[in-house]
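target14.cif, holding mmCIF, C-alpha atoms:
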data_data
#
loop_
_atom_site.label_atom_id
_atom_site.label_comp_id
_atom_site.auth_asym_id
_atom_site.auth_seq_id
_atom_site.Cartn_x
_atom_site.Cartn_y
_atom_site.Cartn_z
CA MET A 220 25.99 -38.44 73.16
CA LYS A 221 29.72 -37.83 73.19
CA ILE A 222 32.93 -39.77 72.72
CA LYS A 223 34.38 -40.63 76.13
CA TYR A 224 37.93 -41.77 75.24
CA ILE A 225 40.04 -43.67 72.76
CA GLU A 226 40.05 -47.38 73.64
CA HIS A 227 42.97 -48.20 71.36
CA VAL A 228 44.87 -47.07 68.28
CA GLN A 229 45.56 -49.53 65.48
CA LEU A 230 48.49 -49.45 63.09
CA ALA A 231 48.99 -51.78 60.16
CA MET A 232 51.99 -54.04 59.72
CA PRO A 233 53.17 -56.59 57.16
CA ALA A 234 52.52 -60.29 57.74
CA GLY A 235 55.09 -62.28 59.69
CA GLU A 236 56.79 -59.29 61.34
CA GLU A 237 55.52 -59.79 64.89
CA ASP A 238 59.06 -60.24 66.29
CA ALA A 239 60.10 -56.84 64.89
CA ALA A 240 56.99 -55.32 66.47
CA ARG A 241 57.78 -56.94 69.83
CA HIS A 242 61.34 -55.63 69.74
CA PHE A 243 60.39 -52.06 68.83
CA PHE A 244 57.20 -51.56 70.83
CA GLY A 245 58.00 -53.94 73.69
CA GLU A 246 61.73 -53.81 74.27
CA LEU A 247 62.46 -50.27 73.07
CA LEU A 248 59.28 -48.29 73.81
CA GLY A 249 58.40 -50.30 76.92
CA PHE A 250 54.92 -51.49 76.01
CA THR A 251 53.72 -54.80 77.45
CA GLU A 252 52.32 -57.30 74.99
CA VAL A 253 48.84 -58.52 75.87
CA PRO A 254 47.21 -61.62 74.40
CA LYS A 255 44.81 -61.14 71.53
CA PRO A 256 41.43 -62.84 71.87
CA ALA A 257 41.57 -66.36 70.38
CA ASN A 258 39.17 -65.46 67.57
CA LEU A 259 41.47 -62.61 66.46
CA ALA A 260 44.88 -64.19 67.15
CA LYS A 261 44.69 -66.26 63.94
CA ARG A 262 44.92 -63.00 61.94
CA GLY A 263 48.44 -62.28 63.20
CA GLY A 264 49.66 -59.00 64.60
CA CYS A 265 50.24 -57.97 68.22
CA TRP A 266 48.48 -56.00 70.93
CA PHE A 267 50.35 -53.83 73.42
CA GLU A 268 49.58 -51.54 76.32
CA SER A 269 51.34 -49.19 78.70
CA GLY A 270 49.32 -47.38 81.33
CA ASN A 271 46.19 -46.16 79.55
CA ALA A 272 47.76 -46.37 76.08
CA ARG A 273 46.62 -49.36 74.03
CA LEU A 274 48.10 -50.14 70.64
CA HIS A 275 46.96 -52.85 68.23
CA LEU A 276 49.14 -53.85 65.30
CA GLY A 277 47.11 -55.60 62.65
CA VAL A 278 48.38 -57.47 59.61
CA GLN A 279 47.41 -55.89 56.31
CA ALA A 280 48.00 -57.88 53.11
CA ASP A 281 48.59 -54.81 50.93
CA PHE A 282 50.54 -53.02 53.68
CA CYS A 283 51.58 -49.42 53.15
CA PRO A 284 53.04 -47.46 56.10
CA ALA A 285 51.19 -44.52 57.63
CA THR A 286 53.70 -41.72 57.07
CA LYS A 287 51.46 -38.79 58.05
CA ALA A 288 48.67 -40.16 60.27
CA HIS A 289 50.18 -41.29 63.57
CA PRO A 290 49.70 -41.95 67.26
CA ALA A 291 51.41 -39.59 69.72
CA PHE A 292 52.60 -41.13 72.98
CA VAL A 293 53.50 -39.06 76.04
CA VAL A 294 56.70 -40.42 77.59
CA ASP A 295 58.95 -39.74 80.57
CA ASN A 296 62.56 -38.77 79.84
CA LEU A 297 62.43 -38.28 76.10
CA GLY A 298 66.20 -37.72 75.99
CA ALA A 299 66.97 -41.18 77.38
CA LEU A 300 64.42 -42.80 75.09
CA ARG A 301 65.92 -41.01 72.08
CA ALA A 302 69.38 -42.29 73.01
CA LEU A 303 68.05 -45.85 73.30
CA LEU A 304 66.25 -45.63 69.95
CA ASP A 305 69.26 -44.07 68.20
CA ALA A 306 71.54 -46.81 69.57
CA ALA A 307 69.10 -49.42 68.23
CA GLY A 308 69.24 -47.86 64.74
CA PHE A 309 65.96 -45.92 64.84
CA ALA A 310 66.68 -42.28 64.00
CA CYS A 311 64.57 -39.67 65.77
CA LYS A 312 63.63 -36.42 64.05
CA ASP A 313 62.57 -33.37 66.04
CA ASP A 314 59.28 -31.84 64.98
CA GLU A 315 57.92 -28.31 65.13
CA PRO A 316 57.55 -26.97 68.67
CA LEU A 317 54.22 -27.44 70.42
CA ASP A 318 53.42 -25.44 73.58
CA GLY A 319 54.11 -27.45 76.69
CA PHE A 320 55.87 -30.36 74.98
CA ARG A 321 59.21 -31.49 73.71
CA ARG A 322 58.58 -33.85 70.81
CA THR A 323 60.23 -36.04 68.26
CA CYS A 324 59.08 -38.41 65.53
CA ILE A 325 60.36 -41.83 64.62
CA ASN A 326 59.36 -44.57 62.21
CA ASP A 327 58.55 -48.01 63.55
CA PRO A 328 60.21 -51.00 61.80
CA PHE A 329 57.49 -50.90 59.15
CA GLY A 330 57.71 -47.18 58.33
CA ASN A 331 54.69 -46.04 60.36
CA ARG A 332 55.17 -42.60 61.91
CA ILE A 333 55.19 -42.49 65.72
CA GLU A 334 55.29 -39.22 67.69
CA LEU A 335 56.89 -39.20 71.14
CA MET A 336 56.10 -36.27 73.44
CA GLU A 337 57.42 -35.19 76.84
CA VAL A 338 55.53 -32.68 78.98
CA LEU A 339 57.67 -29.64 79.82
CA GLY A 340 57.85 -28.07 83.23
#
Let me see the file written as structure tokens.
Amino acid sequence: MKIKYIEHVQLAMPAGEEDAARHFFGELLGFTEVPKPANLAKRGGCWFESGNARLHLGVQADFCPATKAHPAFVVDNLGALRALLDAAGFACKDDEPLDGFRRTCINDPFGNRIELMEVLG
């Protein structure tokens, strides 16, 4: 037996902040929101996808942001995305170099760490 792939990554968010999630992940990062199954929709939160990347944001009553653990998304044109995020008030911070990638980190509206990576060459 072996793990075949990651089906989705889940991050926590505070209750009632779905519009902030839609703005950041949908409008700025370019994810498409997908409907949650009816039996899960009552819990709040949002589900997004882009290509093979699936992200679930789930409401957590005692929410505390993930400041170390994080998803890393590979993007096209990191420079343009950084400019868009900076203009929207989300400051990017470059991280230590990693062979084959240019990378930066940002916090989502809830303080969760998100890594953005662009393949070099």
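The nearest approach to Pro290 in chain A among the residues A:Arg332, A:Ile225, A:Pro254, A:Gly245, with only C-alpha atoms taken into account, belongs to A:Arg332.
Between CA of Thr286 in chain A and CA of Asn331 in chain A the separation is 5.5 Å.
What the PyMOL selection byres ((chain A and resi 338) around 7) matches in the given file is A:Gly319, A:Phe320, A:Arg321, A:Met336, A:Glu337, A:Leu339, A:Gly340.
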- Item | Residues near Pro233 in chain A, cut-off 6 Å, all atoms listed in the file, skip fewer than 6 positions along chain, as a ChimeraX atom specification | /A:278-279,282
- Task: Could you give me, as a PyMOL selection string, the residues within 12 Å of Leu276 in chain A, counting only C-alpha atoms and dropping anything in the same chain fewer than 4 positions from it?
- Result: chain A and resi 227-241+243-244+252-253+255+259-260+262-268+282+284+327-329+331
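The two atoms in question, CA of Glu226 in chain A and CA of Ala310 in chain A, are spaced 28.8 Å apart.
Taking CA of Glu334 in chain A and CA of Val293 in chain A as endpoints, the distance between them is 8.5 Å.
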- Closest of A:His289, A:His242, A:His275, A:Lys261 to Phe309 in chain A - atom-to-atom distances counting all atoms listed in the file: A:His242
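If all atoms listed in the file are the atoms counted, then among A:Gly308, A:Pro256, A:Gly298, A:Gly270 the closest residue to Arg322 in chain A is A:Gly298.
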- Selection near Cys311 in chain A, 12 Å with all atoms listed in the file, sequence-local residues under 6 positions removed, as a PyMOL selection string: chain A and resi 297-305+322-327+332-336
How would range 303-319 of chain A look with N, CA, C and O atoms restored, written as a PDB file, in the coordinates of the input?
ATOM      1  N   LEU A 303      68.292 -44.420  73.462  1.00  0.00           N
ATOM      2  CA  LEU A 303      68.050 -45.850  73.300  1.00  0.00           C
ATOM      3  C   LEU A 303      67.641 -46.176  71.871  1.00  0.00           C
ATOM      4  O   LEU A 303      68.162 -47.121  71.258  1.00  0.00           O
ATOM      5  N   LEU A 304      66.722 -45.390  71.312  1.00  0.00           N
ATOM      6  CA  LEU A 304      66.250 -45.630  69.950  1.00  0.00           C
ATOM      7  C   LEU A 304      67.369 -45.399  68.931  1.00  0.00           C
ATOM      8  O   LEU A 304      67.532 -46.192  68.000  1.00  0.00           O
ATOM      9  N   ASP A 305      68.136 -44.339  69.108  1.00  0.00           N
ATOM     10  CA  ASP A 305      69.260 -44.070  68.200  1.00  0.00           C
ATOM     11  C   ASP A 305      70.269 -45.220  68.233  1.00  0.00           C
ATOM     12  O   ASP A 305      70.743 -45.671  67.192  1.00  0.00           O
ATOM     13  N   ALA A 306      70.586 -45.702  69.439  1.00  0.00           N
ATOM     14  CA  ALA A 306      71.540 -46.810  69.570  1.00  0.00           C
ATOM     15  C   ALA A 306      71.026 -48.080  68.910  1.00  0.00           C
ATOM     16  O   ALA A 306      71.812 -48.903  68.445  1.00  0.00           O
ATOM     17  N   ALA A 307      69.703 -48.237  68.855  1.00  0.00           N
ATOM     18  CA  ALA A 307      69.100 -49.420  68.230  1.00  0.00           C
ATOM     19  C   ALA A 307      68.905 -49.237  66.721  1.00  0.00           C
ATOM     20  O   ALA A 307      68.367 -50.122  66.059  1.00  0.00           O
ATOM     21  N   GLY A 308      69.330 -48.083  66.188  1.00  0.00           N
ATOM     22  CA  GLY A 308      69.240 -47.860  64.740  1.00  0.00           C
ATOM     23  C   GLY A 308      67.960 -47.191  64.275  1.00  0.00           C
ATOM     24  O   GLY A 308      67.687 -47.169  63.075  1.00  0.00           O
ATOM     25  N   PHE A 309      67.187 -46.636  65.192  1.00  0.00           N
ATOM     26  CA  PHE A 309      65.960 -45.920  64.840  1.00  0.00           C
ATOM     27  C   PHE A 309      66.198 -44.424  65.030  1.00  0.00           C
ATOM     28  O   PHE A 309      66.261 -43.949  66.165  1.00  0.00           O
ATOM     29  N   ALA A 310      66.348 -43.707  63.935  1.00  0.00           N
ATOM     30  CA  ALA A 310      66.680 -42.280  64.000  1.00  0.00           C
ATOM     31  C   ALA A 310      65.447 -41.451  64.356  1.00  0.00           C
ATOM     32  O   ALA A 310      64.392 -41.582  63.743  1.00  0.00           O
ATOM     33  N   CYS A 311      65.616 -40.588  65.358  1.00  0.00           N
ATOM     34  CA  CYS A 311      64.570 -39.670  65.770  1.00  0.00           C
ATOM     35  C   CYS A 311      64.731 -38.350  65.020  1.00  0.00           C
ATOM     36  O   CYS A 311      65.845 -37.934  64.729  1.00  0.00           O
ATOM     37  N   LYS A 312      63.610 -37.716  64.729  1.00  0.00           N
ATOM     38  CA  LYS A 312      63.630 -36.420  64.050  1.00  0.00           C
ATOM     39  C   LYS A 312      62.749 -35.459  64.835  1.00  0.00           C
ATOM     40  O   LYS A 312      61.554 -35.719  65.018  1.00  0.00           O
ATOM     41  N   ASP A 313      63.349 -34.351  65.306  1.00  0.00           N
ATOM     42  CA  ASP A 313      62.570 -33.370  66.040  1.00  0.00           C
ATOM     43  C   ASP A 313      61.519 -32.758  65.136  1.00  0.00           C
ATOM     44  O   ASP A 313      61.738 -32.587  63.938  1.00  0.00           O
ATOM     45  N   ASP A 314      60.381 -32.431  65.731  1.00  0.00           N
ATOM     46  CA  ASP A 314      59.280 -31.840  64.980  1.00  0.00           C
ATOM     47  C   ASP A 314      59.102 -30.402  65.430  1.00  0.00           C
ATOM     48  O   ASP A 314      59.757 -29.939  66.362  1.00  0.00           O
ATOM     49  N   GLU A 315      58.204 -29.694  64.779  1.00  0.00           N
ATOM     50  CA  GLU A 315      57.920 -28.310  65.130  1.00  0.00           C
ATOM     51  C   GLU A 315      57.525 -28.212  66.598  1.00  0.00           C
ATOM     52  O   GLU A 315      56.871 -29.106  67.121  1.00  0.00           O
ATOM     53  N   PRO A 316      57.920 -27.127  67.261  1.00  0.00           N
ATOM     54  CA  PRO A 316      57.550 -26.970  68.670  1.00  0.00           C
ATOM     55  C   PRO A 316      56.039 -26.958  68.871  1.00  0.00           C
ATOM     56  O   PRO A 316      55.289 -26.535  67.998  1.00  0.00           O
ATOM     57  N   LEU A 317      55.627 -27.442  70.020  1.00  0.00           N
ATOM     58  CA  LEU A 317      54.220 -27.440  70.420  1.00  0.00           C
ATOM     59  C   LEU A 317      54.207 -27.003  71.879  1.00  0.00           C
ATOM     60  O   LEU A 317      54.925 -27.586  72.706  1.00  0.00           O
ATOM     61  N   ASP A 318      53.424 -25.976  72.215  1.00  0.00           N
ATOM     62  CA  ASP A 318      53.420 -25.440  73.580  1.00  0.00           C
ATOM     63  C   ASP A 318      53.268 -26.543  74.615  1.00  0.00           C
ATOM     64  O   ASP A 318      52.369 -27.375  74.523  1.00  0.00           O
ATOM     65  N   GLY A 319      54.188 -26.527  75.574  1.00  0.00           N
ATOM     66  CA  GLY A 319      54.110 -27.450  76.690  1.00  0.00           C
ATOM     67  C   GLY A 319      54.746 -28.803  76.474  1.00  0.00           C
ATOM     68  O   GLY A 319      54.742 -29.626  77.380  1.00  0.00           O
TER      69      GLY A 319
END
